[in-house]
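Scroll down for the structure; my scribbles are underneath it.
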Amino acid sequence: MAVITISRQMGSLGTEIAQGVAAKLQYKYLDKEGMEQGLADHGLSGPEVEKYDEKSPPFWANWQNQGQKFFNAMQIVIYEAAREGNVVIVGRGGQVLLKGIPGVLHVRIIAPLQDRIQRLMAKGQESEKELSRIVKQSDRESGGFVRGFLDADWESSELYDLTINTRYLSSDLSVDMIVHAITAMEAVTDVQRSHARERLDDLILQFKVEAVLLDTDLRNIGVEVRAGVVTLRGHVFSDLEGKRYVNLVSRVEGVQKVESNLVIQRHLYV
């Protein structure tokens with residue numbers, strides 16, 4: 001299992017480099033189009049995806065149910081792609097979601113602002129002033145998406161194994177650098193690969209369970225998964241309600257067992 005996440009600034013050649021890496025390694029390429037297809041499989045339409053995808057607050061100020069469903073489904077798509085392996089994942093917080101998973105290389109593609117503007121000017125009709133506004137807005141949105149959804153700093157060096165500044169580096173050279181870097185992932189042991197798959201299996205199942213709970217408009221139940229065993233934590237108003245959620249979760253494909261740590265919240269009337 002080898003996975004590459006690529007975070008890129010607008011105009012940094014990041015998209016071209018990600019595509020080049022996927023082509024050279026013959027990896028699956030998961031970008032916005034692939035994400036939209038994956039999210040559609042989870043019942044999210046194109047307009048809904050466009051509303052939430054890589055957007056910064058204030059969209060997340062009032063965590064609406066639909067926003068939670070988007071974020072939940074997005075994580076399932078990313079974790080399933082990583083579980084399958086041999087994939088280049090572009091954006092969408094992959095560097096945070098897959099942090100610490102063996103066999104994953106996290107890459108950041110950057111370039112100075114003026115270089116990025118000049119590259120975009122060479123491609124389109126917009127003025128330098130307008131492109132400067134667009135690029136800066138894109139940076140804010142991307143950073144806000146990671147911060148708002150994942151409580152992480154998009155620019156933190158701790159999230160990346162390799163950062164490439166394309167001011168003087170071509171796309172082809174950058175592609176070669178990443179391809180050489182991924183060979184380090186081959187040093188991952190079979191035990192580490194096994195642990196990575198088990199962890200991804202648990203994460204996929206966790207968010208599938210959460211998706212089922214979200215469909216019931218339930219947001220105050222915590223879910224933990226380990227080796228197919230699901231633990232539910234939170235408060236319910238009756239034993240019957242708690243049993244209902246346990247039965248609901250037990251029907252999710254892949255769930256081996258459900259353990260309830262749900263606490264009955266008694267109403268006191270004076």
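The way I read the labels, and the way they are meant: chains A, B, ... in the order of the structure tokens, residue 1 as the first residue of every chain, and ligand 1 as the first ligand shown, with later ones counted on from there.
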Residues of segment 166-267 of chain A at most 9 Å from segment 95-101 of chain A: nearest atom pair and distance in Å, only C-alpha atoms, as a Markdown table:
| residue | atom | partner | partner_atom | distance |
| --- | --- | --- | --- | --- |
| A:Gln192 | CA | A:Ile101 | CA | 8.8 |
| A:Arg193 | CA | A:Ile101 | CA | 8.9 |
| A:His195 | CA | A:Ile101 | CA | 8.7 |
| A:Ala196 | CA | A:Ile101 | CA | 5.8 |
| A:Arg197 | CA | A:Ile101 | CA | 9.0 |
| A:Arg199 | CA | A:Ile101 | CA | 8.1 |
| A:Leu200 | CA | A:Ile101 | CA | 8.5 |
Grab the residues selected above and save them as a short mmCIF file (atom, residue, chain, number, x, y, z; two decimals), in the first residue's frame with N, CA, C and O atoms.
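Written output follows (part-v9.cif):
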data_model
loop_
_atom_site.label_atom_id
_atom_site.label_comp_id
_atom_site.auth_asym_id
_atom_site.auth_seq_id
_atom_site.Cartn_x
_atom_site.Cartn_y
_atom_site.Cartn_z
N GLN A 192 3.59 -3.24 9.65
CA GLN A 192 3.12 -1.86 9.60
C GLN A 192 1.99 -1.71 8.58
O GLN A 192 1.01 -1.00 8.81
N ARG A 193 2.13 -2.39 7.43
CA ARG A 193 1.07 -2.33 6.43
C ARG A 193 -0.22 -2.92 6.97
O ARG A 193 -1.31 -2.40 6.74
N HIS A 195 -1.14 -3.10 10.11
CA HIS A 195 -1.69 -2.17 11.10
C HIS A 195 -2.37 -0.98 10.41
O HIS A 195 -3.41 -0.51 10.88
N ALA A 196 -1.76 -0.52 9.31
CA ALA A 196 -2.34 0.61 8.58
C ALA A 196 -3.71 0.23 8.01
O ALA A 196 -4.67 1.00 8.10
N ARG A 197 -3.81 -0.97 7.43
CA ARG A 197 -5.08 -1.41 6.87
C ARG A 197 -6.14 -1.58 7.96
O ARG A 197 -7.30 -1.22 7.78
N ARG A 199 -6.25 0.01 10.79
CA ARG A 199 -6.64 1.34 11.24
C ARG A 199 -7.60 2.00 10.25
O ARG A 199 -8.61 2.60 10.64
N LEU A 200 -7.31 1.85 8.97
CA LEU A 200 -8.19 2.43 7.94
C LEU A 200 -9.55 1.73 7.93
O LEU A 200 -10.59 2.37 7.76
#
(message) Residues within 8 Å of segment 241-252 of chain A, please, as a PyMOL selection string. Count only C-alpha atoms; anything in the same chain fewer than 2 positions from it doesn't count.
(response) chain A and resi 208-209+212-213+232+236-239+254-260+262+264
Contacts of segment 130-132 of chain A at 12 Å (only C-alpha atoms; same-chain gap of 2+ positions) as a short mmCIF file (atom, residue, chain, number, x, y, z; two decimals) with N, CA and C atoms, in the first residue's frame:
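Result saved to out_23.cif:
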data_model
loop_
_atom_site.label_atom_id
_atom_site.label_comp_id
_atom_site.auth_asym_id
_atom_site.auth_seq_id
_atom_site.Cartn_x
_atom_site.Cartn_y
_atom_site.Cartn_z
N MET A 10 -2.70 27.41 -5.31
CA MET A 10 -3.15 27.75 -6.65
C MET A 10 -2.01 28.39 -7.43
N GLY A 11 -1.76 27.88 -8.66
CA GLY A 11 -0.71 28.43 -9.49
C GLY A 11 0.68 27.91 -9.16
N PRO A 112 6.24 31.23 -4.78
CA PRO A 112 5.99 32.63 -4.39
C PRO A 112 4.74 33.17 -5.07
N LEU A 113 4.06 34.08 -4.40
CA LEU A 113 2.80 34.62 -4.90
C LEU A 113 2.93 35.19 -6.30
N GLN A 114 3.97 36.00 -6.54
CA GLN A 114 4.10 36.65 -7.84
C GLN A 114 4.34 35.64 -8.95
N ASP A 115 5.09 34.59 -8.66
CA ASP A 115 5.31 33.55 -9.66
C ASP A 115 3.99 32.87 -10.02
N ARG A 116 3.17 32.64 -9.04
CA ARG A 116 1.89 31.98 -9.28
C ARG A 116 0.97 32.87 -10.11
N ILE A 117 0.98 34.15 -9.80
CA ILE A 117 0.15 35.09 -10.56
C ILE A 117 0.60 35.15 -12.02
N GLN A 118 1.91 35.22 -12.24
CA GLN A 118 2.43 35.31 -13.61
C GLN A 118 2.09 34.06 -14.41
N ARG A 119 2.14 32.89 -13.78
CA ARG A 119 1.78 31.66 -14.48
C ARG A 119 0.31 31.68 -14.90
N LEU A 120 -0.54 32.14 -14.02
CA LEU A 120 -1.97 32.19 -14.34
C LEU A 120 -2.27 33.26 -15.38
N MET A 121 -1.54 34.36 -15.36
CA MET A 121 -1.71 35.39 -16.37
C MET A 121 -1.40 34.85 -17.75
N ALA A 122 -0.43 33.98 -17.84
CA ALA A 122 -0.03 33.41 -19.12
C ALA A 122 -1.10 32.48 -19.70
N LYS A 123 -2.04 32.07 -18.85
CA LYS A 123 -3.08 31.13 -19.29
C LYS A 123 -4.42 31.79 -19.59
N GLY A 124 -4.67 32.96 -19.01
CA GLY A 124 -6.01 33.53 -19.13
C GLY A 124 -6.04 34.99 -19.47
N GLN A 125 -7.26 35.57 -19.32
CA GLN A 125 -7.50 36.95 -19.71
C GLN A 125 -7.55 37.90 -18.51
N GLU A 126 -7.55 37.37 -17.30
CA GLU A 126 -7.69 38.23 -16.12
C GLU A 126 -6.49 39.14 -15.94
N SER A 127 -6.73 40.25 -15.31
CA SER A 127 -5.65 41.20 -15.04
C SER A 127 -4.82 40.71 -13.86
N GLU A 128 -3.65 41.30 -13.71
CA GLU A 128 -2.79 40.93 -12.60
C GLU A 128 -3.48 41.21 -11.27
N ILE A 134 -7.80 36.56 -6.69
CA ILE A 134 -8.27 35.17 -6.80
C ILE A 134 -7.32 34.21 -6.08
N VAL A 135 -6.02 34.38 -6.29
CA VAL A 135 -5.03 33.49 -5.68
C VAL A 135 -5.05 33.62 -4.16
N LYS A 136 -5.10 34.85 -3.67
CA LYS A 136 -5.12 35.05 -2.22
C LYS A 136 -6.39 34.47 -1.61
N GLN A 137 -7.52 34.63 -2.32
CA GLN A 137 -8.77 34.06 -1.84
C GLN A 137 -8.69 32.54 -1.80
N SER A 138 -8.08 31.96 -2.83
CA SER A 138 -7.91 30.51 -2.88
C SER A 138 -7.09 30.01 -1.69
N ASP A 139 -6.02 30.72 -1.37
CA ASP A 139 -5.19 30.35 -0.22
C ASP A 139 -6.00 30.41 1.07
#
(message) Taking 5 positions as the minimum chain separation for residues in the same chain, which residues sit within 12 Å of Val107 of chain A when counting only C-alpha atoms? Answer as a PyMOL selection string.
(response) chain A and resi 3-9+14+17-18+21+88-91+93-96+99+154-165+174-175+177-179+181-182
(message) I'd like to know which residues of segment 52-240 of chain A are alpha helix (DSSP H) (by DSSP, run on the backbone); could you write them as a PyMOL selection string?
(response) chain A and resi 52+65-84+94-97+113-121+128-150+171-182+190-215+239-240
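Closest approach to Ala40 of chain A among A:Val225, A:Ala22, A:Lys28, A:Met74: A:Met74, based on only C-alpha atoms.
Nearest to Gly85 of chain A of all the residues A:Phe149, A:Tyr27, A:Phe207, A:Phe70 is A:Tyr27, based on only C-alpha atoms.
Atom CA of Ala73 of chain A is positioned 6.2 Å from atom CA of Leu39 of chain A.
Straight-line separation from atom CA of Ser170 of chain A to atom CA of Ile109 of chain A: 11.7 Å.
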(message) Using only C-alpha atoms, can you tell me which of A:Asp201, A:Gly43, A:Glu141, A:Gly20 comes closest to Ile78 of chain A?
(response) A:Asp201
(request) Between A:Leu173, A:Ala111, A:Leu240, A:Val263, single out the one closest to Gly222 of chain A, counting only C-alpha atoms. (result) A:Val263
(request) In Å, rounded to a single decimal, give me how far atom CA of Lys69 of chain A is from atom CA of Glu210 of chain A. (result) 8.9 Å
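The set of residues in segment 111-240 of chain A assigned to strand (DSSP E or B) by DSSP, using only backbone atoms of this structure, is Leu162, Thr163, Ile164, Asn165, Ile221, Gly222, Val223, Glu224, Val225, Arg226, Val229, Val230, Thr231, Leu232, Arg233, Gly234, His235 and Val236 of chain A.
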Restricted to N, CA and C atoms, what would the selected residues look like written as a tab-separated table (two decimals), in the first residue's frame?
chain	number	residue	atom	x	y	z
A	162	LEU	N	7.56	16.16	2.51
A	162	LEU	CA	8.33	16.79	1.44
A	162	LEU	C	7.61	18.05	0.97
A	163	THR	N	8.31	19.17	0.98
A	163	THR	CA	7.77	20.42	0.47
A	163	THR	C	8.60	20.86	-0.73
A	164	ILE	N	7.93	21.14	-1.84
A	164	ILE	CA	8.61	21.51	-3.08
A	164	ILE	C	8.20	22.92	-3.47
A	165	ASN	N	9.18	23.81	-3.58
A	165	ASN	CA	8.95	25.16	-4.07
A	165	ASN	C	9.28	25.18	-5.56
A	221	ILE	N	-23.98	11.54	19.80
A	221	ILE	CA	-23.49	10.22	20.17
A	221	ILE	C	-22.08	10.05	19.62
A	222	GLY	N	-21.13	9.74	20.49
A	222	GLY	CA	-19.77	9.49	20.07
A	222	GLY	C	-19.58	8.05	19.63
A	223	VAL	N	-18.74	7.86	18.63
A	223	VAL	CA	-18.52	6.52	18.06
A	223	VAL	C	-17.03	6.19	18.08
A	224	GLU	N	-16.69	5.03	18.62
A	224	GLU	CA	-15.32	4.53	18.57
A	224	GLU	C	-15.36	3.13	17.98
A	225	VAL	N	-14.37	2.81	17.15
A	225	VAL	CA	-14.34	1.51	16.50
A	225	VAL	C	-12.96	0.89	16.66
A	226	ARG	N	-12.94	-0.36	17.02
A	226	ARG	CA	-11.68	-1.10	17.10
A	226	ARG	C	-11.94	-2.54	16.70
A	229	VAL	N	-15.47	-3.71	16.44
A	229	VAL	CA	-16.31	-3.52	17.62
A	229	VAL	C	-16.60	-2.03	17.79
A	230	VAL	N	-17.87	-1.67	17.79
A	230	VAL	CA	-18.29	-0.28	17.87
A	230	VAL	C	-18.74	0.05	19.29
A	231	THR	N	-18.18	1.10	19.85
A	231	THR	CA	-18.58	1.58	21.17
A	231	THR	C	-19.30	2.91	21.01
A	232	LEU	N	-20.49	2.99	21.58
A	232	LEU	CA	-21.29	4.20	21.54
A	232	LEU	C	-21.23	4.90	22.89
A	233	ARG	N	-20.99	6.22	22.85
A	233	ARG	CA	-20.93	7.01	24.08
A	233	ARG	C	-21.82	8.23	23.92
A	234	GLY	N	-22.45	8.64	25.00
A	234	GLY	CA	-23.29	9.82	24.97
A	234	GLY	C	-24.49	9.67	25.88
A	235	HIS	N	-25.48	10.52	25.68
A	235	HIS	CA	-26.65	10.53	26.53
A	235	HIS	C	-27.92	10.26	25.72
A	236	VAL	N	-28.81	9.48	26.29
A	236	VAL	CA	-30.12	9.22	25.71
A	236	VAL	C	-31.17	9.46	26.79
